[in-house]
$ cat final.csv   # CSV, C-alpha atoms
chain,number,residue,atom,x,y,z
G,1,MET,CA,0.0,0.0,0.0
G,2,VAL,CA,1.3,3.4,-1.0
G,3,VAL,CA,1.1,6.0,1.9
G,4,PHE,CA,0.5,9.5,0.6
G,5,ASN,CA,2.6,12.1,2.5
G,6,ARG,CA,0.5,15.3,2.1
G,7,SER,CA,3.2,17.5,3.7
G,8,ALA,CA,5.9,16.2,1.5
G,9,ALA,CA,3.7,16.6,-1.6
G,10,ILE,CA,2.9,20.2,-0.7
G,11,GLY,CA,6.6,20.9,-0.1
G,12,GLN,CA,7.5,19.6,-3.6
G,13,ILE,CA,4.8,21.7,-5.2
G,14,LEU,CA,6.0,24.8,-3.3
G,15,ARG,CA,9.6,24.1,-4.2
G,16,ARG,CA,8.6,23.9,-7.9
G,17,CYS,CA,6.7,27.1,-7.7
G,18,HIS,CA,9.5,29.0,-5.9
G,19,ARG,CA,12.0,27.6,-8.4
G,20,ALA,CA,9.9,28.9,-11.3
G,21,VAL,CA,9.8,32.3,-9.6
G,22,ALA,CA,13.5,32.3,-9.0
G,23,GLU,CA,14.3,31.2,-12.6
G,24,LYS,CA,12.1,34.0,-13.9
G,25,ASN,CA,13.9,36.6,-11.8
G,26,ASN,CA,17.5,35.4,-11.5
G,27,ASN,CA,18.5,36.9,-14.9
G,28,LYS,CA,17.4,40.3,-13.5
G,29,LEU,CA,19.2,39.8,-10.1
G,30,THR,CA,22.4,38.1,-11.3
G,31,CYS,CA,25.2,39.6,-13.3
G,32,TYR,CA,27.8,37.2,-14.7
G,33,HIS,CA,31.4,38.1,-15.2
G,34,GLY,CA,34.1,36.3,-17.1
G,35,ARG,CA,33.9,33.2,-19.3
G,36,TRP,CA,31.6,30.6,-17.7
G,37,PRO,CA,31.9,27.0,-18.9
G,38,SER,CA,28.4,26.0,-20.0
G,39,ALA,CA,28.1,23.1,-17.6
G,40,GLU,CA,29.2,25.3,-14.7
G,41,LEU,CA,26.7,28.0,-15.6
G,42,LYS,CA,23.9,25.5,-15.8
G,43,ASP,CA,24.8,24.1,-12.4
G,44,PHE,CA,25.1,27.6,-10.9
G,45,GLU,CA,21.7,28.7,-12.2
G,46,GLN,CA,20.2,25.6,-10.7
G,47,HIS,CA,21.9,25.8,-7.3
G,48,MET,CA,22.0,29.6,-6.6
G,49,ARG,CA,18.5,31.1,-6.5
G,50,ILE,CA,16.9,34.3,-5.3
G,51,ILE,CA,13.2,34.7,-4.6
G,52,PRO,CA,12.3,38.4,-4.4
G,53,ASP,CA,9.5,39.5,-2.1
G,54,PHE,CA,9.6,36.1,-0.3
G,55,ILE,CA,8.2,37.9,2.8
G,56,SER,CA,5.8,40.8,3.1
G,57,GLU,CA,6.6,44.1,4.9
G,58,VAL,CA,4.4,42.9,7.8
G,59,GLU,CA,6.4,39.7,8.1
G,60,GLU,CA,9.7,41.6,7.9
G,61,GLN,CA,8.5,43.8,10.7
G,62,GLN,CA,7.5,40.8,12.8
G,63,LEU,CA,10.9,39.0,12.3
G,64,HIS,CA,12.7,42.3,13.1
G,65,GLU,CA,10.6,42.9,16.3
G,66,GLU,CA,11.4,39.4,17.6
G,67,VAL,CA,15.2,39.6,17.2
G,68,GLU,CA,15.7,43.3,17.9
G,69,PRO,CA,15.4,43.3,21.7
G,70,TYR,CA,18.3,40.8,22.0
G,71,MET,CA,20.4,42.1,19.1
G,72,SER,CA,20.3,45.7,20.4
G,73,ARG,CA,22.0,44.6,23.6
G,74,LEU,CA,25.0,43.3,21.8
G,75,ARG,CA,28.0,45.3,20.5
G,76,TYR,CA,29.1,45.1,16.9
G,77,GLU,CA,32.3,43.2,16.6
G,78,PHE,CA,35.2,43.9,14.2
G,79,ASP,CA,37.5,41.0,15.1
G,80,HIS,CA,35.6,37.8,14.2
G,81,TRP,CA,37.5,34.8,15.4
G,82,ASP,CA,37.9,33.5,11.8
G,83,ASP,CA,38.3,37.0,10.3
G,84,ALA,CA,35.4,36.3,7.8
G,85,ILE,CA,33.1,39.1,9.1
G,86,HIS,CA,33.7,42.7,10.3
G,87,GLY,CA,31.0,44.9,11.9
G,88,PHE,CA,28.6,42.3,13.0
G,89,ARG,CA,26.6,40.8,15.8
G,90,GLU,CA,25.0,37.4,15.8
G,91,THR,CA,23.0,34.9,17.7
G,92,GLU,CA,21.2,31.6,17.2
G,93,ARG,CA,17.5,31.2,17.9
G,94,LYS,CA,15.6,28.0,18.4
G,95,LYS,CA,12.2,29.2,19.6
G,96,TRP,CA,10.1,31.7,17.5
G,97,TYR,CA,6.8,33.4,17.7
G,98,PRO,CA,4.0,31.5,15.9
G,99,ASN,CA,3.9,33.9,12.9
G,100,ASN,CA,7.6,33.7,12.4
G,101,ARG,CA,7.6,29.9,12.7
G,102,GLN,CA,5.3,29.9,9.8
G,103,VAL,CA,7.7,32.0,7.8
G,104,LEU,CA,10.6,29.6,8.6
G,105,GLU,CA,8.4,26.7,7.6
G,106,ARG,CA,8.0,28.4,4.2
G,107,VAL,CA,11.7,28.7,4.0
G,108,ARG,CA,12.1,25.0,4.7
G,109,GLN,CA,9.5,24.1,2.1
G,110,ALA,CA,11.1,26.4,-0.5
G,111,ALA,CA,14.7,25.5,0.0
G,112,PHE,CA,15.1,22.1,1.7
G,113,GLU,CA,14.1,18.6,0.9
G,114,GLY,CA,13.9,17.7,4.6
G,115,ALA,CA,14.3,19.2,8.0
G,116,ILE,CA,16.4,22.2,8.8
G,117,MET,CA,18.8,22.6,11.8
G,118,SER,CA,16.8,23.5,14.9
G,119,TYR,CA,18.9,26.6,15.6
G,120,VAL,CA,18.4,29.4,13.1
G,121,HIS,CA,21.4,31.8,12.7
G,122,VAL,CA,20.6,35.6,13.0
G,123,LEU,CA,23.4,37.8,11.6
G,124,ASP,CA,23.2,41.5,12.0
G,125,LEU,CA,25.6,43.4,9.8
G,126,ALA,CA,26.3,47.1,10.4
G,127,ALA,CA,26.0,49.6,7.5
G,128,GLU,CA,29.8,49.7,7.3
G,129,GLY,CA,30.1,45.9,8.0
G,130,VAL,CA,31.4,43.4,5.4
G,131,ILE,CA,31.4,39.6,5.0
G,132,LYS,CA,34.7,38.6,3.3
G,133,PRO,CA,35.0,35.9,0.7
G,134,HIS,CA,34.7,32.5,2.4
G,135,VAL,CA,33.3,29.0,2.1
G,136,ASP,CA,31.4,27.5,5.0
G,137,SER,CA,32.8,24.3,6.3
G,138,THR,CA,30.7,21.2,5.6
G,139,ARG,CA,31.6,19.9,9.0
G,140,TYR,CA,29.0,22.1,10.6
G,141,CYS,CA,26.2,22.4,8.0
G,142,GLY,CA,24.9,20.5,5.1
G,143,ASN,CA,24.5,21.1,1.4
G,144,THR,CA,22.1,24.0,1.5
G,145,ILE,CA,22.1,27.5,3.1
G,146,SER,CA,19.1,29.8,2.8
G,147,GLY,CA,18.7,33.3,4.1
G,148,ILE,CA,16.1,36.0,4.3
G,149,SER,CA,17.4,39.6,3.9
G,150,LEU,CA,15.9,42.2,6.3
G,151,LEU,CA,16.2,46.0,6.3
G,152,SER,CA,18.4,46.5,3.3
G,153,ASP,CA,19.4,45.5,-0.2
G,154,SER,CA,22.9,44.2,-0.6
G,155,VAL,CA,25.2,42.7,-3.2
G,156,MET,CA,26.5,39.1,-2.8
G,157,ARG,CA,29.5,38.0,-4.9
G,158,LEU,CA,30.3,34.4,-5.6
G,159,VAL,CA,33.8,33.6,-7.1
G,160,ARG,CA,34.8,30.3,-8.5
G,161,THR,CA,37.5,28.7,-6.5
G,162,SER,CA,39.1,25.3,-6.1
G,163,ALA,CA,37.6,22.8,-3.6
G,164,ALA,CA,41.2,21.6,-2.8
G,165,LYS,CA,41.8,25.0,-1.2
G,166,TYR,CA,39.3,24.5,1.5
G,167,LYS,CA,39.7,20.8,1.9
G,168,GLN,CA,36.2,19.6,0.9
G,169,ARG,CA,34.5,18.4,-2.2
G,170,SER,CA,31.1,17.3,-3.4
G,171,GLY,CA,30.3,13.6,-3.6
G,172,SER,CA,28.6,11.9,-6.5
G,173,ASP,CA,25.3,12.1,-4.6
G,174,GLY,CA,25.6,15.8,-4.1
G,175,SER,CA,26.7,15.6,-0.5
G,176,ALA,CA,29.8,17.2,0.8
G,177,LYS,CA,32.9,15.0,1.7
G,178,VAL,CA,35.6,16.2,4.0
G,179,VAL,CA,38.9,15.1,2.5
G,180,SER,CA,41.4,16.3,5.0
G,181,ASP,CA,41.7,16.1,8.7
G,182,ASN,CA,44.1,19.1,8.7
G,183,ALA,CA,43.7,21.4,11.7
G,184,GLU,CA,42.5,24.1,9.2
G,185,GLU,CA,39.3,22.0,8.8
G,186,ASP,CA,38.4,22.8,12.4
G,187,ALA,CA,37.7,26.4,11.3
G,188,TYR,CA,34.0,27.1,10.7
G,189,ARG,CA,34.6,29.2,7.6
G,190,HIS,CA,37.5,28.9,5.1
G,191,GLN,CA,38.8,31.8,3.1
G,192,PRO,CA,40.6,30.6,0.0
G,193,GLU,CA,42.3,33.3,-2.0
G,194,THR,CA,40.0,34.5,-4.8
G,195,LYS,CA,41.1,36.3,-7.9
G,196,LEU,CA,38.7,38.1,-10.3
G,197,GLU,CA,41.3,38.3,-13.1
G,198,ASN,CA,41.0,35.4,-15.5
G,199,ASN,CA,38.2,33.9,-13.4
G,200,PHE,CA,34.5,33.8,-13.6
G,201,TYR,CA,32.2,35.0,-10.9
G,202,ALA,CA,28.7,36.4,-10.3
G,203,ASP,CA,27.3,39.4,-8.5
G,204,LEU,CA,23.8,38.9,-7.1
G,205,LEU,CA,21.4,41.6,-6.0
G,206,LEU,CA,19.7,40.5,-2.8
G,207,PRO,CA,16.7,42.8,-2.4
G,208,ARG,CA,15.3,43.5,1.0
G,209,ARG,CA,12.7,40.8,1.9
G,210,SER,CA,14.1,38.3,-0.6
G,211,LEU,CA,15.2,34.8,0.1
G,212,TYR,CA,18.5,33.4,-1.4
G,213,ILE,CA,19.1,29.6,-1.7
G,214,MET,CA,22.6,28.4,-2.1
G,215,SER,CA,23.2,24.7,-2.5
G,216,HIS,CA,25.5,22.0,-3.9
G,217,SER,CA,28.0,23.4,-6.5
G,218,ALA,CA,27.2,27.0,-5.6
G,219,ARG,CA,27.9,26.1,-2.0
G,220,TYR,CA,31.0,24.1,-2.4
G,221,ASN,CA,32.8,25.6,-5.5
G,222,PHE,CA,32.4,29.3,-4.9
G,223,THR,CA,33.3,31.7,-2.2
G,224,HIS,CA,30.6,34.1,-1.1
G,225,GLU,CA,30.7,37.6,0.4
G,226,ILE,CA,28.6,40.7,1.0
G,227,LEU,CA,30.3,43.6,-0.6
G,228,ALA,CA,31.3,46.8,1.3
G,229,ASN,CA,29.5,50.0,0.2
G,230,GLU,CA,32.6,51.3,-1.7
G,231,HIS,CA,32.4,48.2,-3.9
G,232,SER,CA,28.6,47.5,-3.7
G,233,LYS,CA,27.4,48.0,-7.3
G,234,PHE,CA,25.0,46.0,-9.5
G,235,LEU,CA,25.0,46.6,-13.3
G,236,GLY,CA,26.9,49.8,-12.7
G,237,ASN,CA,24.5,51.2,-10.1
G,238,ALA,CA,25.6,51.8,-6.5
G,239,ILE,CA,23.7,49.7,-4.0
G,240,ASN,CA,23.8,51.5,-0.7
G,241,LYS,CA,23.8,48.8,2.0
G,242,THR,CA,22.5,50.0,5.3
G,243,ARG,CA,22.1,47.8,8.4
G,244,ARG,CA,21.2,44.3,7.2
G,245,ILE,CA,19.9,41.4,9.2
G,246,SER,CA,19.8,38.0,7.7
G,247,ILE,CA,17.8,35.0,9.0
G,248,ILE,CA,19.8,32.0,7.9
G,249,CYS,CA,18.6,28.4,7.8
G,250,ARG,CA,20.8,25.4,7.2
G,251,ASN,CA,20.4,21.6,7.1
G,252,ASP,CA,22.5,19.0,9.0
G,253,PRO,CA,25.8,17.8,7.6
$ encode --input "final.csv" --output "structure tokens"
Amino acid sequence: MVVFNRSAAIGQILRRCHRAVAEKNNNKLTCYHGRWPSAELKDFEQHMRIIPDFISEVEEQQLHEEVEPYMSRLRYEFDHWDDAIHGFRETERKKWYPNNRQVLERVRQAAFEGAIMSYVHVLDLAAEGVIKPHVDSTRYCGNTISGISLLSDSVMRLVRTSAAKYKQRSGSDGSAKVVSDNAEEDAYRHQPETKLENNFYADLLLPRRSLYIMSHSARYNFTHEILANEHSKFLGNAINKTRRISIICRNDP
């Protein structure tokens, strides 16, 4: 007897709908630089998606109001322990108000095949803050990262790099495989050197209230960063990043 899983079926439908929206809008929100091999471009388009207006203004306000009382008590830090972020404060949150739990469930349905990690990462980046080029270690999270952007537009840059530089690779099933027990692997984020010259990369506009979904090859084979205001441009237009809060969901390794 075949058991019909209504929740899984709804999730599949929602993922297809969100993927269609992302595919329609990604050309408007992604600027490609350099010579992209056709196979790499196809994989990137599949695994790096942006869904604009994923949440409403009311939902943005509700998320902000829930995290603000705690975040406002923290100081912005400029000496992150792995040097990947400057001008930030962060926390992890497990329990959410009912309305915000519904938003996170929509994220799960749009971006993940199964469950997400119980603790959701909240990253508050100051107007002058930056996230440097890095690749998240697969030791602490799985093949997908998805984030809602609150309060500000920003530009994310992804630059092709070599998996050998950060000691991890993608397996044939799409999962990540750690290939080195080097002490460097104990770091949460890796910062391989990235060069724009003679390389291919993409700049992505992350509009306020959008959701980005980064998975598989986009997750393993590219560094990602949030550009500082002096470099924050999209299609030649300056994108003034103000304070930005991202609500980030991940799946288990």
$ residues_around --input "final.csv" --residues "Ser215 (chain G)" --least-positions-apart "2" --cutoff "9 Å" --atoms "all atoms listed in the file" --output "list in words"
Gln46, His47, Met48, Arg49, Ala111, Gly142, Asn143, Thr144, Ile145, Ser146, Ile213, Ser217, Ala218, Arg219 and Tyr220 of chain G
$ atom_distance --input "final.csv" --atom1 "CA of Asp43 (chain G)" --atom2 "CA of Leu204 (chain G)"
15.8 Å
$ atom_distance --input "final.csv" --atom1 "CA of Ala39 (chain G)" --atom2 "CA of Phe222 (chain G)"
14.8 Å
$ atom_distance --input "final.csv" --atom1 "CA of Ile131 (chain G)" --atom2 "CA of Cys31 (chain G)"
19.3 Å
$ residues_around --input "final.csv" --residues "Glu92 (chain G)" --least-positions-apart "2" --cutoff "8 Å" --atoms "only C-alpha atoms" --output "VMD selection string"
chain G and resid 90 94 119 to 122
$ write_last_selection --input "final.csv" --atoms "C-alpha atoms" --output "mmCIF file, in the coordinates of the input"
data_model
loop_
_atom_site.group_PDB
_atom_site.id
_atom_site.type_symbol
_atom_site.label_atom_id
_atom_site.label_comp_id
_atom_site.auth_asym_id
_atom_site.auth_seq_id
_atom_site.Cartn_x
_atom_site.Cartn_y
_atom_site.Cartn_z
ATOM 1 C CA GLU G 90 25.000 37.400 15.800
ATOM 2 C CA LYS G 94 15.600 28.000 18.400
ATOM 3 C CA TYR G 119 18.900 26.600 15.600
ATOM 4 C CA VAL G 120 18.400 29.400 13.100
ATOM 5 C CA HIS G 121 21.400 31.800 12.700
ATOM 6 C CA VAL G 122 20.600 35.600 13.000
#
$ closest_residue --input "final.csv" --among "G:Leu104, G:Met156, G:Ile245, G:Leu29" --to "Ala126 (chain G)" --atoms "only C-alpha atoms"
G:Ile245
$ closest_residue --input "final.csv" --among "G:Glu57, G:Ser232, G:Asp124, G:Phe112" --to "Ser72 (chain G)" --atoms "all atoms listed in the file"
G:Asp124
$ closest_residue --input "final.csv" --among "G:Arg157, G:Arg250, G:Arg243, G:Arg209" --to "Thr223 (chain G)" --atoms "only C-alpha atoms"
G:Arg157
$ closest_residue --input "final.csv" --among "G:Leu125, G:Asn221, G:Ser152, G:Leu158" --to "Asn240 (chain G)" --atoms "all atoms listed in the file"
G:Ser152
$ build_atoms --input "final.csv" --residues "region 122-153 of chain G" --atoms "N, CA and C atoms" --output "PDB file, in the coordinates of the input"
ATOM      1  N   VAL G 122      21.028  34.164  13.224  1.00  0.00           N
ATOM      2  CA  VAL G 122      20.600  35.600  13.000  1.00  0.00           C
ATOM      3  C   VAL G 122      21.911  36.388  12.921  1.00  0.00           C
ATOM      4  N   LEU G 123      22.174  36.990  11.768  1.00  0.00           N
ATOM      5  CA  LEU G 123      23.400  37.800  11.600  1.00  0.00           C
ATOM      6  C   LEU G 123      23.021  39.219  11.266  1.00  0.00           C
ATOM      7  N   ASP G 124      23.475  40.105  12.123  1.00  0.00           N
ATOM      8  CA  ASP G 124      23.200  41.500  12.000  1.00  0.00           C
ATOM      9  C   ASP G 124      24.465  42.229  11.565  1.00  0.00           C
ATOM     10  N   LEU G 125      24.443  42.758  10.344  1.00  0.00           N
ATOM     11  CA  LEU G 125      25.600  43.400   9.800  1.00  0.00           C
ATOM     12  C   LEU G 125      25.411  44.902   9.743  1.00  0.00           C
ATOM     13  N   ALA G 126      26.355  45.626  10.342  1.00  0.00           N
ATOM     14  CA  ALA G 126      26.300  47.100  10.400  1.00  0.00           C
ATOM     15  C   ALA G 126      26.368  47.658   8.978  1.00  0.00           C
ATOM     16  N   ALA G 127      25.949  48.918   8.830  1.00  0.00           N
ATOM     17  CA  ALA G 127      26.000  49.600   7.500  1.00  0.00           C
ATOM     18  C   ALA G 127      27.414  49.516   6.943  1.00  0.00           C
ATOM     19  N   GLU G 128      28.425  49.688   7.793  1.00  0.00           N
ATOM     20  CA  GLU G 128      29.800  49.700   7.300  1.00  0.00           C
ATOM     21  C   GLU G 128      30.421  48.262   7.421  1.00  0.00           C
ATOM     22  N   GLY G 129      29.623  47.283   7.813  1.00  0.00           N
ATOM     23  CA  GLY G 129      30.100  45.900   8.000  1.00  0.00           C
ATOM     24  C   GLY G 129      30.290  45.212   6.628  1.00  0.00           C
ATOM     25  N   VAL G 130      31.153  44.182   6.622  1.00  0.00           N
ATOM     26  CA  VAL G 130      31.400  43.400   5.400  1.00  0.00           C
ATOM     27  C   VAL G 130      31.478  41.910   5.810  1.00  0.00           C
ATOM     28  N   ILE G 131      31.143  41.071   4.855  1.00  0.00           N
ATOM     29  CA  ILE G 131      31.400  39.600   5.000  1.00  0.00           C
ATOM     30  C   ILE G 131      32.428  39.308   3.885  1.00  0.00           C
ATOM     31  N   LYS G 132      33.605  38.890   4.287  1.00  0.00           N
ATOM     32  CA  LYS G 132      34.700  38.600   3.300  1.00  0.00           C
ATOM     33  C   LYS G 132      34.441  37.317   2.584  1.00  0.00           C
ATOM     34  N   PRO G 133      35.167  37.146   1.466  1.00  0.00           N
ATOM     35  CA  PRO G 133      35.000  35.900   0.700  1.00  0.00           C
ATOM     36  C   PRO G 133      35.356  34.687   1.560  1.00  0.00           C
ATOM     37  N   HIS G 134      34.457  33.718   1.614  1.00  0.00           N
ATOM     38  CA  HIS G 134      34.700  32.500   2.400  1.00  0.00           C
ATOM     39  C   HIS G 134      33.807  31.396   1.901  1.00  0.00           C
ATOM     40  N   VAL G 135      34.122  30.202   2.332  1.00  0.00           N
ATOM     41  CA  VAL G 135      33.300  29.000   2.100  1.00  0.00           C
ATOM     42  C   VAL G 135      33.009  28.379   3.414  1.00  0.00           C
ATOM     43  N   ASP G 136      31.731  28.161   3.718  1.00  0.00           N
ATOM     44  CA  ASP G 136      31.400  27.500   5.000  1.00  0.00           C
ATOM     45  C   ASP G 136      31.799  26.081   5.010  1.00  0.00           C
ATOM     46  N   SER G 137      32.328  25.658   6.116  1.00  0.00           N
ATOM     47  CA  SER G 137      32.800  24.300   6.300  1.00  0.00           C
ATOM     48  C   SER G 137      31.573  23.329   6.274  1.00  0.00           C
ATOM     49  N   THR G 138      31.708  22.212   5.578  1.00  0.00           N
ATOM     50  CA  THR G 138      30.700  21.200   5.600  1.00  0.00           C
ATOM     51  C   THR G 138      30.639  20.391   6.868  1.00  0.00           C
ATOM     52  N   ARG G 139      31.583  20.637   7.745  1.00  0.00           N
ATOM     53  CA  ARG G 139      31.600  19.900   9.000  1.00  0.00           C
ATOM     54  C   ARG G 139      30.431  20.345   9.899  1.00  0.00           C
ATOM     55  N   TYR G 140      29.967  21.572   9.716  1.00  0.00           N
ATOM     56  CA  TYR G 140      29.000  22.100  10.600  1.00  0.00           C
ATOM     57  C   TYR G 140      27.612  22.349   9.989  1.00  0.00           C
ATOM     58  N   CYS G 141      27.507  22.250   8.686  1.00  0.00           N
ATOM     59  CA  CYS G 141      26.200  22.400   8.000  1.00  0.00           C
ATOM     60  C   CYS G 141      26.227  21.620   6.726  1.00  0.00           C
ATOM     61  N   GLY G 142      25.040  21.339   6.210  1.00  0.00           N
ATOM     62  CA  GLY G 142      24.900  20.500   5.100  1.00  0.00           C
ATOM     63  C   GLY G 142      25.025  21.177   3.721  1.00  0.00           C
ATOM     64  N   ASN G 143      24.299  20.647   2.721  1.00  0.00           N
ATOM     65  CA  ASN G 143      24.500  21.100   1.400  1.00  0.00           C
ATOM     66  C   ASN G 143      23.722  22.332   0.960  1.00  0.00           C
ATOM     67  N   THR G 144      22.914  22.884   1.887  1.00  0.00           N
ATOM     68  CA  THR G 144      22.100  24.000   1.500  1.00  0.00           C
ATOM     69  C   THR G 144      22.102  25.083   2.635  1.00  0.00           C
ATOM     70  N   ILE G 145      22.220  26.337   2.221  1.00  0.00           N
ATOM     71  CA  ILE G 145      22.100  27.500   3.100  1.00  0.00           C
ATOM     72  C   ILE G 145      21.070  28.425   2.486  1.00  0.00           C
ATOM     73  N   SER G 146      20.160  28.922   3.300  1.00  0.00           N
ATOM     74  CA  SER G 146      19.100  29.800   2.800  1.00  0.00           C
ATOM     75  C   SER G 146      18.899  30.956   3.746  1.00  0.00           C
ATOM     76  N   GLY G 147      18.818  32.178   3.211  1.00  0.00           N
ATOM     77  CA  GLY G 147      18.700  33.300   4.100  1.00  0.00           C
ATOM     78  C   GLY G 147      17.723  34.375   3.623  1.00  0.00           C
ATOM     79  N   ILE G 148      16.970  34.923   4.582  1.00  0.00           N
ATOM     80  CA  ILE G 148      16.100  36.000   4.300  1.00  0.00           C
ATOM     81  C   ILE G 148      16.809  37.333   4.647  1.00  0.00           C
ATOM     82  N   SER G 149      16.731  38.303   3.739  1.00  0.00           N
ATOM     83  CA  SER G 149      17.400  39.600   3.900  1.00  0.00           C
ATOM     84  C   SER G 149      16.403  40.606   4.489  1.00  0.00           C
ATOM     85  N   LEU G 150      16.729  41.158   5.658  1.00  0.00           N
ATOM     86  CA  LEU G 150      15.900  42.200   6.300  1.00  0.00           C
ATOM     87  C   LEU G 150      16.574  43.531   6.243  1.00  0.00           C
ATOM     88  N   LEU G 151      15.797  44.588   6.140  1.00  0.00           N
ATOM     89  CA  LEU G 151      16.200  46.000   6.300  1.00  0.00           C
ATOM     90  C   LEU G 151      16.919  46.644   5.196  1.00  0.00           C
ATOM     91  N   SER G 152      17.619  45.891   4.364  1.00  0.00           N
ATOM     92  CA  SER G 152      18.400  46.500   3.300  1.00  0.00           C
ATOM     93  C   SER G 152      18.672  45.622   2.142  1.00  0.00           C
ATOM     94  N   ASP G 153      18.818  46.247   0.966  1.00  0.00           N
ATOM     95  CA  ASP G 153      19.400  45.500  -0.200  1.00  0.00           C
ATOM     96  C   ASP G 153      20.866  45.360   0.017  1.00  0.00           C
TER      97      ASP G 153
END
